[in-house]
$ cat target.txt   # compact mmCIF, C-alpha atoms and all ligand atoms
# COMPACT_ATOMS: atom_id res chain seq x y z
CA MET A 8 -189.84 20.20 -4.33
CA THR A 9 -186.63 22.14 -3.86
CA SER A 10 -184.23 19.20 -3.78
CA PRO A 11 -181.16 19.40 -6.04
CA LEU A 12 -182.59 16.54 -8.03
CA ALA A 13 -185.89 18.36 -8.58
CA GLU A 14 -183.79 21.20 -10.02
CA VAL A 15 -182.07 18.76 -12.38
CA VAL A 16 -185.45 17.49 -13.61
CA ARG A 17 -186.80 21.03 -14.04
CA ALA A 18 -183.72 22.00 -16.05
CA GLU A 19 -184.12 18.97 -18.32
CA VAL A 20 -187.81 19.72 -18.91
CA ALA A 21 -187.00 23.39 -19.58
CA ALA A 22 -184.44 22.33 -22.19
CA ALA A 23 -186.22 19.41 -23.84
CA GLY A 24 -189.90 19.68 -22.94
CA PRO A 25 -191.89 17.10 -20.99
CA ILE A 26 -189.90 13.91 -20.36
CA PRO A 27 -191.12 10.30 -20.35
CA PHE A 28 -191.84 9.02 -16.84
CA ALA A 29 -189.08 6.45 -17.42
CA ARG A 30 -186.55 9.28 -17.79
CA PHE A 31 -187.91 10.96 -14.65
CA MET A 32 -187.54 7.65 -12.74
CA GLU A 33 -184.04 7.12 -14.13
CA LEU A 34 -182.96 10.57 -12.91
CA ALA A 35 -184.69 10.14 -9.54
CA LEU A 36 -182.98 6.82 -8.82
CA THR A 37 -179.67 6.96 -10.64
CA HIS A 38 -178.59 10.56 -11.31
CA PRO A 39 -174.79 10.44 -10.76
CA LEU A 40 -174.79 13.10 -8.02
CA HIS A 41 -178.25 13.24 -6.51
CA GLY A 42 -179.98 9.95 -7.38
CA TYR A 43 -181.74 7.92 -4.70
CA TYR A 44 -179.30 5.03 -5.16
CA THR A 45 -176.17 7.00 -5.99
CA ALA A 46 -176.28 9.60 -3.20
CA GLY A 47 -176.95 9.14 0.47
CA PRO A 48 -176.94 6.16 2.80
CA ALA A 49 -177.60 2.50 2.08
CA ARG A 50 -181.30 2.18 1.36
CA ALA A 51 -182.05 -1.55 1.85
CA THR A 52 -181.45 -1.58 5.60
CA ARG A 53 -183.41 -1.50 8.87
CA GLU A 54 -182.51 2.20 9.21
CA GLY A 55 -183.27 2.85 5.53
CA ASP A 56 -186.44 2.62 3.47
CA PHE A 57 -187.01 -1.11 2.96
CA LEU A 58 -185.46 -4.38 4.06
CA THR A 59 -184.42 -7.01 1.54
CA ALA A 60 -183.99 -10.73 2.19
CA PRO A 61 -180.15 -10.65 2.24
CA GLU A 62 -180.18 -7.77 4.73
CA LEU A 63 -182.69 -9.62 6.90
CA HIS A 64 -180.47 -12.61 7.68
CA PRO A 65 -177.46 -14.44 6.16
CA ILE A 66 -179.44 -17.69 6.15
CA PHE A 67 -180.97 -16.43 2.89
CA GLY A 68 -177.54 -16.33 1.24
CA ALA A 69 -176.62 -19.71 2.76
CA ALA A 70 -179.68 -21.22 1.04
CA LEU A 71 -178.93 -19.56 -2.32
CA ALA A 72 -175.34 -20.84 -2.02
CA ARG A 73 -176.73 -24.35 -2.36
CA GLN A 74 -178.53 -23.48 -5.58
CA VAL A 75 -175.39 -21.86 -6.97
CA HIS A 76 -173.33 -24.89 -5.91
CA GLU A 77 -175.68 -27.22 -7.79
CA ALA A 78 -175.42 -25.08 -10.93
CA TRP A 79 -171.61 -25.22 -10.63
CA GLU A 80 -171.73 -29.02 -10.41
CA ARG A 81 -174.03 -29.30 -13.44
CA LEU A 82 -171.62 -27.15 -15.42
CA GLY A 83 -168.79 -29.59 -14.63
CA ARG A 84 -167.25 -27.58 -11.77
CA PRO A 85 -165.61 -24.77 -13.81
CA ASP A 86 -162.78 -22.91 -12.11
CA PRO A 87 -163.10 -19.96 -12.02
CA PHE A 88 -166.85 -19.71 -11.64
CA VAL A 89 -167.89 -16.04 -11.74
CA LEU A 90 -170.90 -14.99 -9.69
CA ARG A 91 -172.09 -11.66 -11.08
CA GLU A 92 -174.54 -9.96 -8.76
CA ASP A 93 -176.60 -7.13 -10.23
CA GLY A 94 -177.51 -4.36 -7.79
CA ALA A 95 -175.13 -5.92 -5.27
CA GLY A 96 -175.29 -3.04 -2.78
CA ALA A 97 -172.47 -3.46 -0.26
CA GLY A 98 -172.09 -7.18 -1.02
CA THR A 99 -174.18 -8.55 1.84
CA LEU A 100 -175.59 -11.38 -0.27
CA GLY A 101 -172.22 -12.18 -1.84
CA LEU A 102 -170.61 -12.49 1.60
CA ALA A 103 -173.43 -14.72 2.86
CA ILE A 104 -173.13 -16.97 -0.21
CA VAL A 105 -169.38 -17.32 0.27
CA ALA A 106 -169.89 -18.09 3.97
CA GLY A 107 -172.61 -20.62 3.11
CA LEU A 108 -170.35 -22.40 0.60
CA ALA A 109 -167.55 -22.57 3.17
CA ALA A 110 -169.91 -23.93 5.85
CA ASP A 111 -171.09 -26.60 3.36
CA ARG A 112 -167.45 -27.38 2.52
CA SER A 113 -168.29 -26.82 -1.15
CA GLY A 114 -165.42 -26.94 -3.61
CA LEU A 115 -166.98 -23.86 -5.18
CA ALA A 116 -165.79 -21.82 -2.19
CA THR A 117 -162.34 -21.65 -3.79
CA ALA A 118 -163.40 -21.57 -7.46
CA LEU A 119 -165.84 -18.68 -6.98
CA ARG A 120 -165.05 -15.15 -8.09
CA TYR A 121 -167.59 -12.55 -7.01
CA LEU A 122 -168.39 -9.77 -9.47
CA PRO A 123 -170.59 -7.12 -7.85
CA VAL A 124 -172.37 -4.79 -10.28
CA GLU A 125 -173.46 -1.76 -8.34
CA LEU A 126 -174.23 1.82 -9.30
CA SER A 127 -173.28 3.43 -6.01
CA ARG A 128 -169.56 4.10 -5.65
CA GLU A 129 -169.94 4.20 -1.86
CA ARG A 130 -171.57 0.75 -1.76
CA ARG A 131 -168.88 -0.62 -4.12
CA THR A 132 -166.14 0.66 -1.83
CA GLU A 133 -167.95 -0.71 1.22
CA CYS A 134 -168.24 -4.08 -0.51
CA ALA A 135 -164.49 -4.20 -1.25
CA GLU A 136 -163.74 -3.21 2.37
CA ARG A 137 -166.02 -5.90 3.76
CA PHE A 138 -164.47 -8.60 1.58
CA ALA A 139 -160.99 -7.42 2.61
CA ALA A 140 -161.96 -7.36 6.31
CA ALA A 141 -163.21 -10.94 5.98
CA GLY A 142 -159.92 -11.98 4.35
CA LEU A 143 -161.78 -12.61 1.09
CA ALA A 144 -160.39 -9.83 -1.12
CA GLY A 145 -158.97 -12.50 -3.45
CA LEU A 146 -162.48 -13.65 -4.31
CA LEU A 147 -163.48 -10.32 -5.82
CA ALA A 148 -163.51 -10.52 -9.59
CA ALA A 149 -163.40 -6.73 -9.82
CA SER A 150 -163.07 -4.01 -7.23
CA ALA A 151 -164.01 -0.37 -6.78
CA GLY A 152 -160.38 0.76 -6.87
CA GLY A 153 -159.61 -1.37 -9.91
CA GLU A 154 -156.98 -3.48 -8.04
CA ALA A 155 -158.63 -6.73 -9.08
CA PRO A 156 -158.69 -7.36 -12.85
CA ASP A 157 -162.01 -7.69 -14.60
CA PRO A 158 -162.86 -11.32 -15.37
CA VAL A 159 -162.38 -12.63 -18.89
CA ARG A 160 -165.72 -12.51 -20.68
CA PRO A 161 -167.78 -14.48 -21.48
CA PHE A 162 -167.35 -16.52 -18.31
CA ALA A 163 -168.82 -19.65 -16.77
CA GLY A 164 -170.83 -18.82 -13.72
CA ALA A 165 -174.10 -17.22 -12.65
CA VAL A 166 -175.93 -13.92 -12.77
CA LEU A 167 -177.93 -13.16 -9.66
CA ALA A 168 -180.42 -10.31 -9.39
CA ASN A 169 -182.22 -9.89 -6.08
CA GLU A 170 -184.63 -6.95 -6.03
CA TYR A 171 -182.74 -5.39 -8.92
CA LEU A 172 -185.01 -5.54 -11.96
CA ASP A 173 -187.82 -3.77 -10.09
CA ALA A 174 -185.52 -0.76 -9.75
CA LEU A 175 -185.06 -0.35 -13.51
CA PRO A 176 -186.95 2.62 -14.99
CA VAL A 177 -190.42 1.94 -16.38
CA HIS A 178 -192.45 3.80 -18.96
CA LEU A 179 -196.01 4.53 -17.90
CA VAL A 180 -198.80 4.08 -20.42
CA GLU A 181 -202.52 4.65 -20.25
CA VAL A 182 -205.34 3.86 -22.66
CA ARG A 183 -207.68 6.75 -23.43
CA ALA A 184 -210.55 6.51 -25.90
CA GLY A 185 -209.04 3.30 -27.24
CA ALA A 186 -205.62 4.80 -27.94
CA LEU A 187 -202.35 4.04 -26.17
CA ARG A 188 -200.94 7.16 -24.53
CA GLU A 189 -197.74 7.68 -22.59
CA VAL A 190 -197.32 9.54 -19.30
CA VAL A 191 -194.78 12.35 -19.58
CA VAL A 192 -193.65 14.63 -16.77
CA ASP A 193 -193.96 18.38 -17.15
CA VAL A 194 -193.38 21.37 -14.87
CA ASP A 195 -196.30 23.66 -14.03
CA GLY A 196 -196.21 27.44 -13.49
CA ASP A 197 -195.27 26.99 -9.80
CA GLY A 198 -192.37 24.68 -10.57
CA GLY A 199 -194.33 21.59 -9.48
CA PHE A 200 -194.31 18.34 -11.47
CA VAL A 201 -197.42 17.39 -13.41
CA GLU A 202 -198.21 14.37 -15.52
CA ARG A 203 -199.52 14.76 -19.05
CA LEU A 204 -200.64 12.16 -21.54
CA ALA A 205 -198.84 12.26 -24.87
CA GLU A 206 -198.26 10.22 -28.00
CA PRO A 207 -195.99 7.30 -27.07
CA THR A 208 -192.37 8.44 -27.38
CA THR A 209 -191.35 5.07 -28.82
CA PRO A 210 -193.15 2.36 -30.82
CA ALA A 211 -191.47 -0.17 -28.52
CA LEU A 212 -194.23 0.36 -25.95
CA ALA A 213 -197.08 -0.78 -28.21
CA ALA A 214 -194.79 -3.48 -29.61
CA ARG A 215 -194.18 -4.92 -26.13
CA LEU A 216 -197.91 -5.15 -25.44
CA ASP A 217 -198.48 -6.69 -28.90
CA THR A 218 -195.80 -9.31 -28.31
CA LEU A 219 -197.42 -10.20 -25.02
CA GLY A 220 -200.91 -10.24 -26.55
CA ILE A 221 -202.05 -7.74 -23.92
CA GLU A 222 -204.90 -5.33 -24.54
CA LEU A 223 -205.29 -2.72 -21.86
CA VAL A 224 -208.82 -1.47 -21.23
CA ASP A 225 -209.89 2.16 -21.37
CA GLY A 226 -208.59 4.12 -18.40
CA GLN A 227 -206.06 1.45 -17.46
CA ARG A 228 -202.53 2.51 -16.53
CA ALA A 229 -199.58 0.15 -16.78
CA GLU A 230 -195.80 0.07 -16.54
CA ILE A 231 -193.56 -1.19 -19.33
CA CYS A 232 -189.89 -1.83 -18.59
CA LEU A 233 -187.92 -1.46 -21.81
CA ALA A 234 -184.68 -1.64 -19.80
CA LEU A 235 -185.17 -5.39 -19.43
CA ALA A 236 -183.85 -5.95 -22.98
CA PRO A 237 -180.45 -4.24 -22.47
CA TRP A 238 -180.15 -6.08 -19.15
CA ALA A 239 -180.75 -9.43 -20.92
CA ASP A 240 -178.17 -8.37 -23.56
CA SER A 241 -175.60 -7.77 -20.84
CA VAL A 242 -176.33 -11.17 -19.27
CA ALA A 243 -175.81 -12.85 -22.64
CA ALA A 244 -172.61 -10.88 -23.24
CA ASP A 245 -171.11 -11.90 -19.89
CA LEU A 246 -172.36 -15.40 -19.30
CA GLY A 247 -170.97 -17.97 -21.73
CA CYS A 248 -172.67 -20.71 -19.76
CA GLY A 249 -174.38 -20.82 -16.42
CA LEU A 250 -177.37 -19.91 -14.31
CA VAL A 251 -179.51 -16.77 -14.26
CA LEU A 252 -181.33 -16.39 -10.97
CA VAL A 253 -183.85 -13.56 -10.63
CA LEU A 254 -185.66 -12.92 -7.36
CA ASP A 255 -188.18 -10.10 -7.21
CA TYR A 256 -191.76 -9.11 -6.79
CA GLY A 257 -193.03 -9.98 -10.22
CA ARG A 258 -196.00 -11.34 -12.09
CA GLU A 259 -196.76 -13.08 -15.35
CA ALA A 260 -197.92 -10.55 -17.98
CA PRO A 261 -201.62 -11.59 -18.06
CA ASP A 262 -201.75 -11.06 -14.29
CA LEU A 263 -199.58 -7.93 -14.27
CA TYR A 264 -201.71 -6.26 -16.93
CA ASP A 265 -205.06 -7.60 -15.73
CA ARG A 266 -207.86 -5.02 -15.49
CA ARG A 267 -208.01 -5.64 -11.72
CA ARG A 268 -204.82 -3.56 -11.63
CA MET A 269 -206.27 -0.45 -13.30
CA ALA A 270 -203.67 1.81 -11.67
CA GLY A 271 -200.68 -0.44 -12.36
CA THR A 272 -198.18 -1.53 -9.71
CA LEU A 273 -195.93 1.51 -9.32
CA VAL A 274 -195.18 2.24 -5.66
CA THR A 275 -192.73 4.39 -3.71
CA TYR A 276 -190.97 3.61 -0.42
CA ARG A 277 -189.69 5.92 2.22
CA GLY A 278 -188.94 5.01 5.83
CA HIS A 279 -190.48 1.53 5.34
CA LEU A 280 -193.79 3.07 4.25
CA ALA A 281 -195.15 2.04 0.87
CA ASP A 282 -197.00 4.85 -0.92
CA PRO A 283 -198.79 3.92 -4.15
CA SER A 284 -200.54 7.31 -4.53
CA PRO A 285 -200.18 8.89 -8.00
CA ASP A 286 -198.34 11.98 -6.73
CA ALA A 287 -195.87 10.06 -4.51
CA PRO A 288 -193.06 9.85 -7.14
CA TYR A 289 -193.05 13.65 -7.29
CA ARG A 290 -192.60 14.14 -3.55
CA ASP A 291 -189.10 14.15 -1.97
CA VAL A 292 -187.61 13.49 -5.41
CA GLY A 293 -184.33 11.60 -4.94
CA GLU A 294 -185.17 10.63 -1.37
CA ARG A 295 -187.81 8.04 -2.17
CA ASP A 296 -187.55 4.69 -3.85
CA ILE A 297 -189.71 4.17 -6.94
CA THR A 298 -190.41 0.63 -8.06
CA ALA A 299 -192.80 -1.50 -10.11
CA HIS A 300 -193.55 -5.20 -10.36
CA VAL A 301 -191.38 -7.12 -12.80
CA ASP A 302 -192.93 -8.60 -15.96
CA LEU A 303 -191.68 -12.18 -15.62
CA THR A 304 -193.11 -13.28 -18.97
CA THR A 305 -190.89 -10.75 -20.74
CA VAL A 306 -187.81 -11.56 -18.63
CA ARG A 307 -188.23 -15.25 -19.49
CA ALA A 308 -188.76 -14.56 -23.22
CA LEU A 309 -185.80 -12.15 -23.47
CA LEU A 310 -183.46 -14.65 -21.80
CA ALA A 311 -184.72 -17.55 -23.90
CA ALA A 312 -184.21 -15.52 -27.10
CA ARG A 313 -180.58 -14.98 -26.05
CA GLY A 314 -179.89 -18.67 -25.50
CA PHE A 315 -180.89 -19.05 -21.85
CA PRO A 316 -183.86 -21.41 -21.77
CA HIS A 317 -186.22 -21.29 -18.83
CA LEU A 318 -185.46 -23.79 -16.08
CA GLY A 319 -188.39 -22.96 -13.86
CA THR A 320 -190.28 -20.35 -11.90
CA THR A 321 -191.26 -20.66 -8.29
CA THR A 322 -191.71 -18.60 -5.15
CA GLN A 323 -188.98 -17.58 -2.77
CA ALA A 324 -190.46 -19.69 0.05
CA GLU A 325 -190.43 -22.76 -2.19
CA LEU A 326 -186.92 -22.07 -3.43
CA LEU A 327 -185.65 -21.76 0.13
CA ALA A 328 -187.43 -24.96 1.17
CA GLY A 329 -185.86 -26.79 -1.79
CA CYS A 330 -182.44 -25.46 -0.81
CA GLY A 331 -182.73 -27.02 2.66
CA LEU A 332 -183.80 -24.07 4.78
CA GLU A 333 -184.98 -26.42 7.56
CA GLU A 334 -181.55 -27.96 7.88
CA LEU A 335 -179.85 -24.55 7.64
CA LEU A 336 -182.13 -23.35 10.41
CA GLU A 337 -180.84 -26.14 12.67
CA ARG A 338 -177.26 -25.18 11.84
CA GLU A 339 -177.91 -21.49 12.53
CA ARG A 340 -179.78 -22.33 15.75
CA ALA A 341 -176.77 -24.16 17.06
CA ARG A 342 -174.68 -21.07 16.33
CA ALA A 343 -177.10 -18.52 17.83
CA HIS A 344 -175.45 -18.16 21.20
CA ASP A 345 -177.72 -15.55 22.75
CA LEU A 346 -181.44 -15.01 22.97
CA GLN A 347 -181.37 -11.96 20.70
CA ALA A 348 -179.70 -13.92 17.88
CA ALA A 349 -182.11 -16.82 18.33
CA LEU A 350 -185.15 -14.52 18.19
CA GLU A 351 -183.81 -12.70 15.14
CA LEU A 352 -183.24 -15.99 13.37
CA ARG A 353 -186.77 -17.12 14.12
CA SER A 354 -188.48 -13.93 13.02
CA SER A 355 -186.29 -13.65 9.89
CA VAL A 356 -187.12 -17.15 8.73
CA GLY A 357 -190.81 -16.39 9.30
CA ARG A 358 -190.56 -13.32 7.08
CA LEU A 359 -188.52 -15.11 4.42
CA LEU A 360 -191.18 -17.82 4.14
CA ASP A 361 -194.35 -15.76 4.64
CA PRO A 362 -196.22 -15.88 1.30
CA ARG A 363 -197.60 -12.37 1.91
CA ARG A 364 -194.09 -11.00 2.40
CA LEU A 365 -190.71 -12.06 1.08
CA GLY A 366 -191.82 -15.70 0.73
CA GLY A 367 -194.24 -14.67 -2.02
CA PHE A 368 -191.50 -13.13 -4.18
CA ARG A 369 -191.08 -14.83 -7.53
CA VAL A 370 -187.94 -16.67 -8.49
CA LEU A 371 -187.10 -17.25 -12.13
CA LEU A 372 -184.28 -19.58 -13.17
CA ALA A 373 -182.85 -19.78 -16.66
CA GLY A 374 -179.62 -21.24 -17.86
CA ARG A 375 -177.26 -22.15 -20.65
CA GLY A 376 -175.41 -25.45 -20.44
CA ILE A 377 -177.36 -26.50 -17.35
CA ALA A 378 -179.45 -29.65 -17.60
CA ALA A 379 -183.08 -28.93 -16.73
CA GLU A 380 -183.72 -32.50 -15.53
CA PRO A 381 -183.80 -33.58 -12.84
CA PRO A 382 -185.17 -30.22 -11.67
CA LEU A 383 -182.75 -27.99 -9.83
CA ARG A 384 -183.13 -28.32 -6.07
CA GLY A 385 -184.66 -24.87 -5.73
CA LEU A 386 -187.47 -26.02 -8.01
CA ALA A 387 -188.25 -29.22 -6.12
CA PHE A 388 -191.31 -27.61 -4.51
CA ARG A 389 -192.52 -25.45 -7.39
CA LEU A 390 -196.24 -25.09 -7.90
CA PRO A 391 -197.63 -27.27 -10.72
CA GLY A 392 -199.01 -24.18 -12.52
CA TRP A 393 -195.51 -22.72 -12.79
CA ARG A 394 -193.94 -25.59 -14.67
CA GLY A 395 -192.69 -24.67 -18.08
C1 LIG A 401 -183.47 -2.62 -4.00
S1 LIG A 401 -181.74 -2.50 -3.90
C2 LIG A 401 -181.31 -4.21 -3.67
C3 LIG A 401 -179.93 -4.41 -3.14
C4 LIG A 401 -179.53 -5.88 -2.95
N1 LIG A 401 -179.61 -6.63 -4.19
C5 LIG A 401 -180.37 -6.51 -1.88
O1 LIG A 401 -181.14 -7.42 -2.21
O2 LIG A 401 -180.27 -6.11 -0.72
C6 LIG A 401 -181.28 -2.18 -5.59
C7 LIG A 401 -179.80 -2.06 -5.79
O3 LIG A 401 -179.55 -1.92 -7.18
C8 LIG A 401 -178.64 -0.85 -7.37
N2 LIG A 401 -178.91 -0.32 -8.71
C9 LIG A 401 -180.03 0.32 -9.13
N3 LIG A 401 -179.94 0.62 -10.44
C10 LIG A 401 -178.74 0.13 -10.85
C11 LIG A 401 -178.07 0.11 -12.10
N4 LIG A 401 -178.61 0.65 -13.19
N5 LIG A 401 -176.87 -0.50 -12.17
C12 LIG A 401 -176.30 -1.05 -11.07
N6 LIG A 401 -176.89 -1.06 -9.85
C13 LIG A 401 -178.09 -0.46 -9.75
C14 LIG A 401 -178.93 0.11 -6.26
O4 LIG A 401 -177.89 1.02 -6.00
C15 LIG A 401 -179.19 -0.84 -5.10
O5 LIG A 401 -178.01 -1.20 -4.45

$ encode --input "target.txt" --output "structure tokens"
Amino acid sequence: MTSPLAEVVRAEVAAAGPIPFARFMELALTHPLHGYYTAGPARATREGDFLTAPELHPIFGAALARQVHEAWERLGRPDPFVLREDGAGAGTLGLAIVAGLAADRSGLATALRYLPVELSRERRTECAERFAAAGLAGLLAASAGGEAPDPVRPFAGAVLANEYLDALPVHLVEVRAGALREVVVDVDGDGGFVERLAEPTTPALAARLDTLGIELVDGQRAEICLALAPWADSVAADLGCGLVLVLDYGREAPDLYDRRRMAGTLVTYRGHLADPSPDAPYRDVGERDITAHVDLTTVRALLAARGFPHLGTTTQAELLAGCGLEELLERERARAHDLQAALELRSSVGRLLDPRRLGGFRVLLAGRGIAAEPPLRGLAFRLPGWRG
């Protein structure tokens, strides 16, 4: 409770009164000095709080490289082709994609310019250093030090977001006696954080539920991510034509807001332990990840409204299968020259495909200027119910 970030939150509440949970989450994750993602070590690592697919094994990036390559071909092989990665961390996925393209002898390997979008200055610097160390500095479309010029916008290319949208701040709402209420964060007499229910701070919350045709039941709590709209705006501003590829734990709105999920989907992570308890966000503020499932229905609608029609939705396991994971596994096996590497490869692929783990993540593809038929290779195995 005495972290510098907790002090920042207390000061803001003292000055402005109780703050929306979304503002609390924004401060906790992204405060410029003390935020979970801006301060401290890399979080998505074995030593950190959770492990993402790119950090698990480069075979994930090698498979995505094939999907990106296909999009490049369907666009008529533009050069340059800018790959913007949102929440790029230290560029692990970008490096694996570049390596995958080179291993496939794809012409995109030379046309690609990688544009990492990352909040943490440390991770941005690390990314630039890693590209330079790999002799790939020339592929960076922008760099932490500003040596590489920003790409001309709008560009032809792709926007990739792996486990990024779930990190955007969410408003928390609850229905009480038939009325929509919003969770705001207050400070009690002992300086501790307490939740209160208030009038919604913006009509956009009820409007989102209306648009989705969702009616929450009495006592139900839910998350609403208003930050999805500005994100979709930024995609549309950057991407003149190309592919949007979102990978995350997400659900369609009717499922996300189903009454089976009376407490919503908000969860915190610390030291690889998930904690969904209601007081968890208020413990170790700034040292704990806070995340919620992504509303895929809204992501799809926001992109479509900005000129990026839906190309398909599938699971990560199916996307990887469609991108030739089996064949990539053979290639990687031949390269794994010691037992440790071979075992790591095997266990990583198991986790990437396991439907209860990373394999069950949702993948949403949308695009402008990309033919939807025949289906993109990553959609070759999509479930019939997900067609649309
Ligand atoms: C869960 S991590 C995923 C990292 C990486 N995409 C991966 O899959 O390993 C979320 C990343 O998004 C970054 N991030 C969070 N909010 C951001 C924002 N508003 N703008 C840019 N990056 C942000 C974090 O710093 C972090 O690197």

$ residues_near_ligand --input "target.txt" --ligand "ligand LIG 401 (chain A)" --cutoff "6 Å" --atoms "all atoms listed in the file" --output "PyMOL selection string"
chain A and resi 44+51+59+61-62+94-96+124-127+169-171+174

$ write_last_selection --input "target.txt" --atoms "C-alpha atoms" --output "mmCIF file, in the frame of the given file"
data_model
loop_
_atom_site.group_PDB
_atom_site.id
_atom_site.type_symbol
_atom_site.label_atom_id
_atom_site.label_comp_id
_atom_site.auth_asym_id
_atom_site.auth_seq_id
_atom_site.Cartn_x
_atom_site.Cartn_y
_atom_site.Cartn_z
ATOM 1 C CA TYR A 44 -179.300 5.030 -5.160
ATOM 2 C CA ALA A 51 -182.050 -1.550 1.850
ATOM 3 C CA THR A 59 -184.420 -7.010 1.540
ATOM 4 C CA PRO A 61 -180.150 -10.650 2.240
ATOM 5 C CA GLU A 62 -180.180 -7.770 4.730
ATOM 6 C CA GLY A 94 -177.510 -4.360 -7.790
ATOM 7 C CA ALA A 95 -175.130 -5.920 -5.270
ATOM 8 C CA GLY A 96 -175.290 -3.040 -2.780
ATOM 9 C CA VAL A 124 -172.370 -4.790 -10.280
ATOM 10 C CA GLU A 125 -173.460 -1.760 -8.340
ATOM 11 C CA LEU A 126 -174.230 1.820 -9.300
ATOM 12 C CA SER A 127 -173.280 3.430 -6.010
ATOM 13 C CA ASN A 169 -182.220 -9.890 -6.080
ATOM 14 C CA GLU A 170 -184.630 -6.950 -6.030
ATOM 15 C CA TYR A 171 -182.740 -5.390 -8.920
ATOM 16 C CA ALA A 174 -185.520 -0.760 -9.750
#

$ closest_residue --input "target.txt" --among "A:Leu102, A:Leu175, A:Ala311, A:Val180" --to "Ala139 in chain A" --atoms "only C-alpha atoms"
A:Leu102

$ closest_residue --input "target.txt" --among "A:Ala214, A:Leu386, A:Leu233, A:Leu273" --to "Asp296 in chain A" --atoms "all atoms listed in the file"
A:Leu273

$ closest_residue --input "target.txt" --among "A:Arg340, A:Arg384, A:Arg295, A:Arg369" --to "Gly42 in chain A" --atoms "only C-alpha atoms"
A:Arg295

$ closest_residue --input "target.txt" --among "A:Val182, A:Val194, A:Val159, A:Ile104" --to "Ala22 in chain A" --atoms "all atoms listed in the file"
A:Val194

$ atom_distance --input "target.txt" --atom1 "CA of Leu263 in chain A" --atom2 "CA of Asp302 in chain A"
6.9 Å

$ atom_distance --input "target.txt" --atom1 "CA of Arg30 in chain A" --atom2 "CA of Arg91 in chain A"
26.3 Å

$ closest_residue --input "target.txt" --among "A:Gly329, A:Gly357, A:Gly47, A:Gly220" --to "Glu77 in chain A" --atoms "all atoms listed in the file"
A:Gly329

$ closest_residue --input "target.txt" --among "A:Asp197, A:Asp255, A:Asp245, A:Glu129" --to "Val306 in chain A" --atoms "all atoms listed in the file"
A:Asp255

$ residues_around --input "target.txt" --residues "Leu371 in chain A" --least-positions-apart "5" --cutoff "9 Å" --atoms "only C-alpha atoms" --output "list in words"
Val251, Leu252, Val253, Leu254, Asp255, Leu303, Val306, Arg307, His317, Leu318, Gly319, Thr320, Thr321 and Thr322 of chain A

$ atom_distance --input "target.txt" --atom1 "CA of Val370 in chain A" --atom2 "CA of Gln323 in chain A"
5.9 Å

$ residues_around --input "target.txt" --residues "range 235-238 of chain A" --least-positions-apart "5" --cutoff "9 Å" --atoms "all atoms listed in the file" --output "MDAnalysis selection string"
chainID A and resid 172 175 243 305:306 309:310

$ residues_around --input "target.txt" --residues "Cys232 in chain A" --least-positions-apart "5" --cutoff "9 Å" --atoms "all atoms listed in the file" --output "number ranges by chain"
A: 29, 173, 175-179, 212, 299, 301-302
